[in-house]
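Undergrad: Could you have a look at this structure, given as C-alpha cells, before my questions?
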Amino acid sequence: MLNSIPEGAVGGQGTANFRLEPPHGEDWLAVGDAAGAYDPLTSQGIYKALAGGLQAADAITDRLSGEARDFTAYGESLARSWEEYLKLRAHLYTRETRWPGEPFWQARQAQAAPAPGAWWACCRGESGVS
Ligand SMILES: Cc1cc2nc3c(=O)[nH]c(=O)nc-3n(C[C@H](O)[C@H](O)[C@H](O)COP(=O)(O)OP(=O)(O)OC[C@H]3O[C@@H](n4cnc5c(N)ncnc54)[C@H](O)[C@@H]3O)c2cc1C
C-alpha cells in the first residue's frame with residue numbers, strides 16, 4: 001500500500017445540503033437524513049439524526065395521547081434547528097482563514113455571507129468569543 005500508485009482519474013462528489021419541507025405529513029414524520037442533510041464540515045448529521053429521533057418520538061406520543069392534533073410543532077422545531085445549523089455553518093466557514101485564494105473556501109465563504117451579527121447569536125456563548 002505504501003508504494004501503491006492510484007490508477008485512473010480521481011474524482012470528487014459534492015455534498016448536499018437539503019431540508020425536506022415539510023418534514024411530515026398527516027400520518028408520517030421524516031427523521032435524520034430523510035429530513036435533512038448537512039455539510040460534513042459541520043459534523044451535524046449524527047447529532048441531528050439522534051435529536052430528531054427524540055423529537056419525533058415526543059411528537060408521536062403527543063399525537064397518540066391527543067395532546068397534539070398534528071405534527072406541525074415537530075416541523076417547526078426542525079425548521080428552527082435548520083436555522084441554527086445555517087448559522088453554525090456560516091460561522092465555521094468564515095472562521096477558516098488559511099486559504100483565502102482557494103476556490104473551495106471562497107465558494108463556501110461567499111455562500112455563508114452571514115447576516116450581520118448572525119454568528120454571534122449562534123455561537124458567542126459556545127466559543128467564548130466576546
Ligand atoms: C461517509 C460518511 C461519513 C460521515 N461522517 C459523519 C461524521 O463524521 N459525523 C456526523 O455527524 N455525521 C457523519 N455522516 C452523516 C451521518 O452518517 C448521517 O447524517 C446519519 O447517520 C443519519 O442517520 P439516519 O438514522 O438518518 O440514517 P442512517 O444512519 O443512514 O440509518 C438508516 C438505516 O436504515 C437502513 N435502511 C435503509 N433502507 C431500509 C429499508 N428499506 N428497510 C430497513 N432498513 C433500511 C440503513 O441500512 C441504515 O442502517 C457521514 C455520512 C457518510 C456517508
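Please note that chains go A, B, ... in the order of the C-alpha cells, that every chain numbers its residues from 1, and that ligands are numbered from 1 in the order shown.
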Need the shell around Thr72 (chain A): protein/DNA/RNA residues with any atom at most 12 Å away, counting only C-alpha atoms. Skip same-chain ones fewer than 2 positions apart. Format as a list in words?
TA: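 Returned residues: Glu21, Pro22, Pro23, His24, Gly25, Glu26, Asp27, Trp28, Leu29, Ala56, Ala59, Ile60, Asp62, Arg63, Ala68, Arg69, Asp70, Tyr74, Gly75, Glu76, Ser77, Leu78 and Ala79 of chain A.
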Undergrad: Could you list, with a cut-off of 8 Å and counting only C-alpha atoms and all ligand atoms, the residues of chain A near ligand 1, each shown with its nearest atom pair and the distance in Å rounded to one decimal, rows sorted by chain and ascending number, as a Markdown table?
TA:
| residue | atom | partner | partner_atom_place_in_ligand_line | distance |
| --- | --- | --- | --- | --- |
| A:Val31 | CA | ligand 1 | 26 (O) | 6.0 |
| A:Gly32 | CA | ligand 1 | 26 (O) | 3.3 |
| A:Asp33 | CA | ligand 1 | 26 (O) | 3.9 |
| A:Ala34 | CA | ligand 1 | 26 (O) | 5.9 |
| A:Ala35 | CA | ligand 1 | 26 (O) | 7.7 |
| A:Ala37 | CA | ligand 1 | 19 (O) | 6.3 |
| A:Tyr38 | CA | ligand 1 | 19 (O) | 7.1 |
| A:Pro40 | CA | ligand 1 | 6 (C) | 6.2 |
| A:Thr42 | CA | ligand 1 | 11 (O) | 7.8 |
| A:Ser43 | CA | ligand 1 | 11 (O) | 4.1 |
| A:Gln44 | CA | ligand 1 | 11 (O) | 4.5 |
| A:Gly45 | CA | ligand 1 | 19 (O) | 3.2 |
| A:Ile46 | CA | ligand 1 | 11 (O) | 3.7 |
| A:Tyr47 | CA | ligand 1 | 11 (O) | 5.7 |
| A:Lys48 | CA | ligand 1 | 19 (O) | 7.3 |
| A:Ala49 | CA | ligand 1 | 23 (O) | 4.9 |
| A:Leu50 | CA | ligand 1 | 25 (O) | 7.3 |
Undergrad: Go ahead and save the residues from that selection, with C-alpha atoms, as an mmCIF file, in the first residue's frame.
TA:
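Listing of out_24.cif after writing:
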data_model
loop_
_atom_site.group_PDB
_atom_site.id
_atom_site.type_symbol
_atom_site.label_atom_id
_atom_site.label_comp_id
_atom_site.auth_asym_id
_atom_site.auth_seq_id
_atom_site.Cartn_x
_atom_site.Cartn_y
_atom_site.Cartn_z
ATOM 1 C CA VAL A 31 -36.186 11.851 10.690
ATOM 2 C CA GLY A 32 -32.415 12.079 10.261
ATOM 3 C CA ASP A 33 -31.068 12.144 6.722
ATOM 4 C CA ALA A 34 -34.607 11.749 5.416
ATOM 5 C CA ALA A 35 -35.457 15.126 6.961
ATOM 6 C CA ALA A 37 -28.583 16.597 5.195
ATOM 7 C CA TYR A 38 -25.738 18.715 6.463
ATOM 8 C CA PRO A 40 -19.866 17.201 6.693
ATOM 9 C CA THR A 42 -20.214 20.890 10.464
ATOM 10 C CA SER A 43 -20.422 17.306 11.829
ATOM 11 C CA GLN A 44 -24.134 17.701 12.408
ATOM 12 C CA GLY A 45 -25.520 14.554 10.730
ATOM 13 C CA ILE A 46 -25.447 12.112 13.631
ATOM 14 C CA TYR A 47 -26.370 14.712 16.226
ATOM 15 C CA LYS A 48 -29.344 15.980 14.226
ATOM 16 C CA ALA A 49 -30.491 12.421 13.499
ATOM 17 C CA LEU A 50 -30.428 11.492 17.191
#
Undergrad: Can you measure CA of Asp39 (chain A) to CA of Gly8 (chain A) for me? One decimal in Å is fine.
TA: 27.4 Å
Undergrad: So what do you get for CA of Ala57 (chain A) versus CA of Ala30 (chain A), distance-wise?
TA: 11.4 Å
Undergrad: Taking the DSSP secondary structure from the backbone, can you list the residues of chain A that are alpha helix (DSSP H), as a PDB file with C-alpha atoms, in the first residue's frame?
TA:
ATOM      1  CA  GLY A  45     -25.520  14.554  10.730  1.00  0.00           C
ATOM      2  CA  ILE A  46     -25.447  12.112  13.631  1.00  0.00           C
ATOM      3  CA  TYR A  47     -26.370  14.712  16.226  1.00  0.00           C
ATOM      4  CA  LYS A  48     -29.344  15.980  14.226  1.00  0.00           C
ATOM      5  CA  ALA A  49     -30.491  12.421  13.499  1.00  0.00           C
ATOM      6  CA  LEU A  50     -30.428  11.492  17.191  1.00  0.00           C
ATOM      7  CA  ALA A  51     -32.024  14.753  18.340  1.00  0.00           C
ATOM      8  CA  GLY A  52     -34.651  14.485  15.611  1.00  0.00           C
ATOM      9  CA  GLY A  53     -35.425  10.929  16.656  1.00  0.00           C
ATOM     10  CA  LEU A  54     -36.122  12.076  20.205  1.00  0.00           C
ATOM     11  CA  GLN A  55     -38.298  14.928  18.954  1.00  0.00           C
ATOM     12  CA  ALA A  56     -40.172  12.590  16.637  1.00  0.00           C
ATOM     13  CA  ALA A  57     -40.834  10.180  19.498  1.00  0.00           C
ATOM     14  CA  ASP A  58     -42.261  13.042  21.571  1.00  0.00           C
ATOM     15  CA  ALA A  59     -44.367  14.220  18.642  1.00  0.00           C
ATOM     16  CA  ILE A  60     -45.803  10.741  18.127  1.00  0.00           C
ATOM     17  CA  THR A  61     -46.507  10.369  21.842  1.00  0.00           C
ATOM     18  CA  ASP A  62     -48.295  13.738  21.894  1.00  0.00           C
ATOM     19  CA  ARG A  63     -50.310  12.758  18.860  1.00  0.00           C
ATOM     20  CA  LEU A  64     -51.344   9.374  20.259  1.00  0.00           C
ATOM     21  CA  SER A  65     -52.262  10.863  23.620  1.00  0.00           C
ATOM     22  CA  THR A  72     -46.894  20.930  12.966  1.00  0.00           C
ATOM     23  CA  ALA A  73     -44.877  21.531  16.140  1.00  0.00           C
ATOM     24  CA  TYR A  74     -42.347  18.902  15.047  1.00  0.00           C
ATOM     25  CA  GLY A  75     -41.953  20.642  11.693  1.00  0.00           C
ATOM     26  CA  GLU A  76     -41.474  23.997  13.379  1.00  0.00           C
ATOM     27  CA  SER A  77     -38.871  22.552  15.696  1.00  0.00           C
ATOM     28  CA  LEU A  78     -36.906  21.129  12.767  1.00  0.00           C
ATOM     29  CA  ALA A  79     -37.156  24.473  10.966  1.00  0.00           C
ATOM     30  CA  ARG A  80     -35.594  26.200  13.994  1.00  0.00           C
ATOM     31  CA  SER A  81     -32.915  23.524  14.125  1.00  0.00           C
ATOM     32  CA  TRP A  82     -32.139  24.177  10.448  1.00  0.00           C
ATOM     33  CA  GLU A  83     -31.740  27.903  11.091  1.00  0.00           C
ATOM     34  CA  GLU A  84     -29.294  27.110  13.891  1.00  0.00           C
ATOM     35  CA  TYR A  85     -27.380  24.855  11.527  1.00  0.00           C
ATOM     36  CA  LEU A  86     -27.108  27.603   8.894  1.00  0.00           C
ATOM     37  CA  LYS A  87     -25.686  29.976  11.491  1.00  0.00           C
ATOM     38  CA  LEU A  88     -23.211  27.381  12.712  1.00  0.00           C
ATOM     39  CA  ARG A  89     -22.178  26.585   9.134  1.00  0.00           C
ATOM     40  CA  ALA A  90     -21.643  30.249   8.317  1.00  0.00           C
ATOM     41  CA  HIS A  91     -19.626  30.647  11.499  1.00  0.00           C
ATOM     42  CA  LEU A  92     -17.371  27.688  10.667  1.00  0.00           C
ATOM     43  CA  TYR A  93     -16.880  28.753   7.039  1.00  0.00           C
ATOM     44  CA  THR A  94     -15.870  32.264   7.975  1.00  0.00           C
ATOM     45  CA  ARG A  95     -13.509  31.084  10.735  1.00  0.00           C
ATOM     46  CA  PRO A 103     -11.895  28.227  -4.693  1.00  0.00           C
ATOM     47  CA  PHE A 104     -13.166  25.643  -2.191  1.00  0.00           C
ATOM     48  CA  TRP A 105     -13.156  28.146   0.663  1.00  0.00           C
ATOM     49  CA  GLN A 106     -14.039  31.156  -1.469  1.00  0.00           C
ATOM     50  CA  ALA A 107     -17.231  29.407  -2.555  1.00  0.00           C
ATOM     51  CA  ARG A 108     -18.173  28.491   0.988  1.00  0.00           C
ATOM     52  CA  GLN A 109     -17.420  31.878   2.432  1.00  0.00           C
ATOM     53  CA  ALA A 110     -19.430  33.574  -0.295  1.00  0.00           C
ATOM     54  CA  GLN A 111     -22.269  31.150   0.352  1.00  0.00           C
ATOM     55  CA  ALA A 112     -22.109  31.715   4.077  1.00  0.00           C
ATOM     56  CA  ALA A 118     -25.848  36.152  12.799  1.00  0.00           C
ATOM     57  CA  TRP A 119     -23.000  34.074  14.127  1.00  0.00           C
ATOM     58  CA  TRP A 120     -22.949  35.997  17.353  1.00  0.00           C
ATOM     59  CA  ALA A 121     -26.474  34.867  18.018  1.00  0.00           C
ATOM     60  CA  CYS A 122     -25.438  31.303  17.275  1.00  0.00           C
ATOM     61  CA  CYS A 123     -22.015  30.887  18.800  1.00  0.00           C
ATOM     62  CA  ARG A 124     -20.979  33.635  21.120  1.00  0.00           C
ATOM     63  CA  GLY A 125     -21.605  31.622  24.257  1.00  0.00           C
ATOM     64  CA  GLU A 126     -20.149  28.406  22.867  1.00  0.00           C
ATOM     65  CA  SER A 127     -16.906  29.832  21.546  1.00  0.00           C
TER      66      SER A 127
END
Undergrad: Considering only C-alpha atoms, can you say which of A:Gly36, A:Phe71, A:Arg98, A:Leu2 comes closest to Arg19 (chain A)?
TA: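 Closest to Arg19 (chain A) of all the choices is A:Gly36.
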Undergrad: Could you pull out the strand (DSSP E) residues of chain A from DSSP and send them as JSON, numbers by chain?
TA: {"A": [18, 19, 36, 37]}
Undergrad: Go ahead and dump the residues you just picked, N, CA and C atoms, as a PDB file, in the first residue's frame.
TA:
ATOM      1  N   PHE A  18     -29.690  19.814   2.306  1.00  0.00           N
ATOM      2  CA  PHE A  18     -31.100  19.913   1.951  1.00  0.00           C
ATOM      3  C   PHE A  18     -31.968  19.739   3.185  1.00  0.00           C
ATOM      4  N   ARG A  19     -33.155  20.251   3.060  1.00  0.00           N
ATOM      5  CA  ARG A  19     -34.132  20.113   4.132  1.00  0.00           C
ATOM      6  C   ARG A  19     -35.461  19.745   3.494  1.00  0.00           C
ATOM      7  N   GLY A  36     -33.208  15.936   6.522  1.00  0.00           N
ATOM      8  CA  GLY A  36     -32.248  16.950   6.121  1.00  0.00           C
ATOM      9  C   GLY A  36     -30.838  16.402   6.094  1.00  0.00           C
ATOM     10  N   ALA A  37     -29.989  17.004   5.270  1.00  0.00           N
ATOM     11  CA  ALA A  37     -28.583  16.597   5.195  1.00  0.00           C
ATOM     12  C   ALA A  37     -27.715  17.827   5.394  1.00  0.00           C
TER      13      ALA A  37
END
Undergrad: Would you compute the distance between CA of Leu41 (chain A) and CA of Pro100 (chain A)? Give it in Å to one decimal.
TA: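 Computed distance, CA of Leu41 (chain A) to CA of Pro100 (chain A), equals 17.2 Å.
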